[in-house]
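S.K.: Next up, query-v4.cif (mmCIF, C-alpha atoms).
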data_entry
loop_
_atom_site.label_atom_id
_atom_site.label_comp_id
_atom_site.auth_asym_id
_atom_site.auth_seq_id
_atom_site.Cartn_x
_atom_site.Cartn_y
_atom_site.Cartn_z
CA MET A 560 92.03 95.96 120.18
CA ASP A 561 93.36 99.44 119.27
CA PHE A 562 90.90 99.57 116.36
CA VAL A 563 88.00 98.63 118.66
CA THR A 564 88.96 101.44 121.06
CA VAL A 565 89.17 104.01 118.24
CA ALA A 566 85.93 102.71 116.70
CA ASP A 567 84.13 103.17 120.01
CA ARG A 568 85.50 106.72 120.36
CA ILE A 569 84.40 107.62 116.83
CA HIS A 570 80.96 106.11 117.42
CA ALA A 571 80.68 108.23 120.58
CA ILE A 572 81.42 111.33 118.44
CA LEU A 573 78.91 110.35 115.74
CA LEU A 574 75.88 109.33 117.80
CA PRO A 575 75.11 112.62 119.60
CA ARG A 576 75.33 114.50 116.30
CA LEU A 577 72.90 112.09 114.68
CA LYS A 578 70.61 112.41 117.68
CA VAL A 579 70.50 116.21 117.26
CA LEU A 580 69.75 115.81 113.54
CA THR A 581 66.90 113.36 114.11
CA LYS A 582 65.25 115.70 116.64
CA VAL A 583 64.66 118.29 113.90
CA ASP A 584 60.97 118.07 112.99
CA VAL A 585 61.56 117.67 109.24
CA PHE A 586 63.60 114.51 109.97
CA LYS A 587 61.04 112.97 112.32
CA ASP A 588 60.47 109.97 110.00
CA ILE A 589 64.13 108.92 109.97
CA THR A 590 64.87 105.35 111.00
CA GLN A 591 68.35 104.56 112.31
CA ILE A 592 70.04 101.17 112.12
CA VAL A 593 73.49 100.29 113.46
CA SER A 594 75.04 97.10 112.10
CA LEU A 595 78.30 95.46 113.12
CA GLU A 596 80.71 93.63 110.83
CA GLY A 597 82.77 90.81 112.19
CA GLN A 598 83.81 87.21 112.01
CA GLY A 599 82.78 85.24 115.06
CA LEU A 600 81.69 86.29 118.53
CA ASP A 601 85.10 87.40 119.79
CA VAL A 602 85.60 91.20 120.00
CA ARG A 603 88.97 90.75 118.25
CA GLU A 604 87.03 89.77 115.13
CA PHE A 605 85.24 93.15 114.99
CA HIS A 606 85.88 94.70 111.57
CA GLY A 607 83.47 97.59 111.28
CA ARG A 608 80.24 99.36 112.12
CA THR A 609 77.71 101.01 109.82
CA THR A 610 75.17 103.53 111.01
CA THR A 611 72.39 104.10 108.47
CA LEU A 612 69.66 106.72 108.48
CA SER A 613 66.74 106.16 106.12
CA ILE A 614 63.92 108.49 105.14
CA PRO A 615 61.10 106.83 103.20
CA PHE A 616 59.42 108.38 100.17
CA SER A 617 56.36 110.37 101.29
CA ASP A 618 54.57 113.67 100.70
CA ALA A 619 57.08 115.27 103.05
CA CYS A 620 60.08 113.61 101.33
CA PRO A 621 59.83 113.34 97.53
CA ALA A 622 62.54 110.66 97.21
CA LYS A 623 63.92 107.65 99.02
CA VAL A 624 66.93 108.90 101.02
CA ARG A 625 69.58 106.83 102.75
CA LEU A 626 72.60 108.23 104.58
CA SER A 627 75.27 105.99 106.06
CA PHE A 628 78.53 106.27 107.95
CA ARG A 629 80.63 103.11 107.80
CA LEU A 630 83.69 102.70 109.98
CA GLY A 631 86.18 100.01 109.03
CA HIS A 632 89.94 99.63 108.78
CA ASP A 633 92.67 99.06 106.22
CA GLY A 634 94.36 95.67 105.71
CA PRO A 635 97.23 96.05 108.21
CA VAL A 636 94.86 97.77 110.72
CA GLU A 637 96.96 100.94 110.85
CA ASN A 638 94.13 103.27 109.88
CA ALA A 639 90.45 103.45 110.59
CA ILE A 640 88.48 104.40 107.50
CA MET A 641 85.19 106.24 107.77
CA ASP A 642 83.00 106.26 104.67
CA TYR A 643 80.12 108.66 104.11
CA GLN A 644 77.50 107.51 101.62
CA LEU A 645 74.36 109.36 100.53
CA GLU A 646 71.80 107.73 98.24
CA ILE A 647 68.79 109.54 96.82
CA LEU A 648 66.43 107.72 94.48
CA PRO A 649 65.44 108.79 91.95
CA ILE A 650 68.39 111.06 91.17
CA PHE A 651 67.56 114.35 89.43
CA PHE A 652 70.48 116.56 90.48
CA LYS A 653 74.16 116.30 91.31
CA PHE A 654 75.22 116.05 94.96
CA ASP A 655 78.17 114.76 96.97
CA SER A 656 77.27 111.12 97.43
CA HIS A 657 80.49 109.77 98.90
CA ASP A 658 83.48 110.83 100.96
CA GLN A 659 86.09 109.11 103.07
CA LEU A 660 88.13 110.02 106.12
CA ILE A 661 91.31 108.11 106.99
CA ILE A 662 92.10 108.14 110.71
CA PRO A 663 95.45 106.88 112.03
CA ILE A 664 94.62 104.39 114.78
CA ASN A 665 97.63 105.41 116.89
CA HIS A 666 96.83 109.16 116.71
CA PRO A 667 93.14 109.84 116.10
CA ASN A 668 92.30 113.54 116.05
CA GLU A 669 88.85 113.69 117.65
CA ALA A 670 88.31 117.37 116.80
CA ALA A 671 89.06 116.70 113.11
CA ILE A 672 86.74 113.67 113.14
CA ALA A 673 83.95 115.74 114.71
CA ARG A 674 84.43 118.53 112.12
CA TRP A 675 84.33 116.03 109.26
CA ILE A 676 81.13 114.41 110.54
CA GLU A 677 79.52 117.82 111.09
CA ASP A 678 80.50 118.92 107.57
CA LYS A 679 78.91 115.76 106.14
CA LEU A 680 75.70 116.31 108.13
CA VAL A 681 75.48 119.95 107.02
CA GLY A 682 76.01 118.84 103.40
CA PHE A 683 73.33 116.17 103.80
CA THR A 684 70.88 118.70 105.23
CA HIS A 685 71.55 121.12 102.37
CA THR A 686 71.01 118.34 99.82
CA PHE A 687 67.85 117.16 101.59
CA PHE A 688 66.32 120.63 101.45
CA GLU A 689 67.33 120.99 97.82
CA LEU A 690 64.96 118.07 97.11
CA HIS A 691 62.08 120.22 98.31
CA PHE A 692 62.73 122.94 95.74
CA HIS A 693 63.80 120.86 92.75
CA SER A 694 61.06 120.82 90.12
CA GLN A 695 61.58 117.17 89.16
CA TYR A 696 60.83 116.02 92.72
CA GLN A 697 58.14 118.55 93.40
CA GLN A 698 56.00 118.46 90.26
CA LYS A 699 52.94 117.45 92.29
CA HIS A 700 53.94 119.25 95.47
CA LEU A 701 54.86 122.78 94.34
CA ALA A 702 52.42 125.65 94.40
CA THR A 703 52.60 129.22 93.19
CA ASP A 704 51.76 132.01 95.60
CA VAL A 705 49.78 134.23 93.19
CA VAL A 706 50.36 137.32 95.34
CA MET A 707 54.13 136.97 95.71
CA ASN A 708 54.57 135.17 92.37
CA ILE A 709 56.92 132.53 93.79
CA ARG A 710 56.87 128.73 93.68
CA PHE A 711 57.29 126.78 96.91
CA PRO A 712 56.45 123.35 98.41
CA LYS A 713 52.78 123.10 99.43
CA THR A 714 53.91 121.65 102.76
CA ASP A 715 55.47 125.05 103.57
CA ALA A 716 52.26 126.99 102.88
CA ALA A 717 51.18 129.46 105.55
CA GLY A 718 47.61 128.97 104.35
CA LYS A 719 45.34 128.09 101.47
CA LYS A 720 42.11 129.48 100.11
CA GLU A 721 39.39 128.12 97.82
CA TYR A 722 38.26 130.54 95.13
CA GLU A 723 36.04 129.77 92.12
CA GLY A 724 36.58 126.02 92.49
CA ARG A 725 40.35 126.18 92.70
CA THR A 726 42.69 125.95 95.70
CA TYR A 727 45.37 128.63 96.05
CA TYR A 728 48.35 128.26 98.40
CA PHE A 729 50.15 131.14 100.09
CA TYR A 730 53.72 131.29 101.30
CA THR A 731 53.01 133.92 103.98
CA ASP A 732 50.04 135.04 106.05
CA GLU A 733 50.42 138.48 104.50
CA SER A 734 49.99 137.18 100.96
CA LEU A 735 46.90 135.21 102.04
CA LEU A 736 45.40 138.38 103.56
CA ALA A 737 46.17 140.38 100.41
CA PHE A 738 44.45 137.68 98.30
CA GLU A 739 41.39 137.64 100.56
CA LYS A 740 40.96 141.43 100.14
CA ASP A 741 40.72 141.20 96.34
CA PRO A 742 41.12 137.71 94.81
CA SER A 743 40.20 138.89 91.31
CA GLU A 744 43.29 141.08 91.21
CA TYR A 745 45.54 138.03 91.53
CA VAL A 746 43.52 135.36 89.76
CA ALA A 747 43.40 137.41 86.56
CA SER A 748 47.21 137.46 86.48
CA VAL A 749 47.59 133.69 86.77
#
Output the file's structure in the form of structure tokens.
M.R.:
Amino acid sequence: MDFVTVADRIHAILLPRLKVLTKVDVFKDITQIVSLEGQGLDVREFHGRTTTLSIPFSDACPAKVRLSFRLGHDGPVENAIMDYQLEILPIFFKFDSHDQLIIPINHPNEAAIARWIEDKLVGFTHTFFELHFHSQYQQKHLATDVVMNIRFPKTDAAGKKEYEGRTYYFYTDESLLAFEKDPSEYVASV
């Protein structure tokens, strides 16, 4: 019963943080699933809970991404164990895919648990945005702003312009305006 109480407290720390994350526009396609682990219908047979966030492969997300937090316990039920797991397929760069927090059931430190969860979510967000600038993921989705001479995801373009049968993407409104004034100045340098 002590584990169930701690598990509920930890879940209450986790859920509002996940809710804030999923309200960010870039994560609008996230699906969240909470699954319980147990043996039988009795609450005393509760052994764990996994909360999984999934982002499907799409133009906005160049890989299949799955983030999960699993809460379980050790054999003698003295410690709750929270596992963080991040899967990105295909994998083209190194990232922190796993971590674990051990929480004494008799003395859970809610502030430390909250900090750990927040650190994992910040790390996940950093890794997720790295996908958008990694050339292996973005081969079809990167564009070069010919005015600024930088590469960026087409989804972040401030605008685009057709010129001589080709589409050009611009990272800022200012670079689009500069191109419109004299496209030949920039097209010649491509």
S.K.: Which residues come within 10 Å of A:Met707, counting only C-alpha atoms, excluding same-chain residues fewer than 6 positions away, as JSON, numbers by chain?
M.R.: {"A": [729, 730, 731, 733, 734, 735, 737, 745]}
S.K.: Closest to A:Val585 among A:Asp678, A:Asp618, A:Asp658, A:Asp732, using all atoms listed in the file?
M.R.: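 Ranking A:Asp678, A:Asp618, A:Asp658, A:Asp732 by distance to A:Val585, first place goes to A:Asp618.
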S.K.: Which residues are close to A:Gln659, i.e. within 8 Å by all atoms listed in the file, leaving aside same-chain residues fewer than 4 positions away? Reply as a PyMOL selection string.
M.R.: chain A and resi 640-643
S.K.: Go ahead and write the residues just picked, C-alpha atoms, as a CSV table (one decimal), in the frame of the given file.
M.R.:
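That gives us again_15.csv:
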chain,number,residue,atom,x,y,z
A,640,ILE,CA,88.5,104.4,107.5
A,641,MET,CA,85.2,106.2,107.8
A,642,ASP,CA,83.0,106.3,104.7
A,643,TYR,CA,80.1,108.7,104.1
S.K.: Interatomic distance between atom CA of A:Pro621 and atom CA of A:Val705?
M.R.: 23.6 Å
S.K.: Might you spell out which residues the PyMOL selection byres ((chain A and resi 714-718) around 12) would select in the displayed file, as a ChimeraX atom specification?
M.R.: /A:585,617-621,688,691-692,697,699-704,709-713,719-721,726-736,738-739
S.K.: Which of these residues is nearest to A:Val563, using only C-alpha atoms: A:Lys582, A:His632, A:Lys623, A:Arg576?
M.R.: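 Ranked by minimum distance to A:Val563, first place goes to A:His632.
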S.K.: Mind telling me what the PyMOL selection byres ((chain A and resi 592) around 6) catches here, as a ChimeraX atom specification?
M.R.: /A:591,593,610-611
